[in-house]
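Here is the structure we will look at.
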Amino acid sequence: MNWGTKIVMGMVAFMMFIVGMVIYMFHVHGRDALIEENYYEKGINYNAEYDAKQNVLNDDAKPKITITDTQIVIQLKDSAQYELVLMRPANSDDDVKRKGSTTGTSHLILVDRTKMAKGMWFINLSWRAEGKAYLFKNNITL
């Protein structure tokens, strides 16, 4: 084997590496959790989001989050219609999205966590109570 053959083999190996990386990036791109689908629309509606966050602070309505072995319990101050999104930064296929109303007199939101992966999750909870919009964002670790 002479030096010309080694150079050609090295170039072929490098090209195969580049092609493999391109295929990998196209495969991962669809599951990227950091890309917002409605990026520009969210930017336009940022004032409403800011007001909802301020309502949580002004009305002292921060939800109480309790994590047990089998579920996540979120307690709100008042009865409300909610939209809950639990996002996994590692894989957007694991995201949990729920809508509904609080249950019981304690105004609870119950989420089954037995099928959820361990690690860090972003919690994005928006709800409407007594004619006001509220928004709470935080990180939790399971």
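The way I read the labels, and the way they are meant: chains A, B, ... in the order of the structure tokens, residue 1 as the first residue of every chain, and ligand 1 as the first ligand shown, with later ones counted on from there.
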- Task: Might you pull out every residue within 12 Å of Ser106 of chain A, with only C-alpha atoms counted and same-chain residues fewer than 5 positions away left off, and present them as a PyMOL selection string?
- Result: chain A and resi 63-64+73-80
- Query: Contacts of Ala117 of chain A at 9 Å or less, counting only C-alpha atoms, minus same-chain residues fewer than 2 places along, as a PyMOL selection string?
  - Reply: chain A and resi 88+94+113-115+119-120+142
- Task: Between atom CA of Lys97 of chain A and atom CA of Val85 of chain A, measure the distance and give it in Å to one decimal.
- Result: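 These two atoms are separated by 4.5 Å.
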- Task: Could you please write out, as a ChimeraX atom specification, every residue of chain A that DSSP assigns to strand (DSSP E)?
- Result: /A:64-67,71-75,81-87,96-101,108-112,120-129,132-141
- as a PyMOL selection string, please: all residues of chain A that backbone DSSP puts in alpha helix (DSSP H). chain A and resi 3-29+39-44+46-58
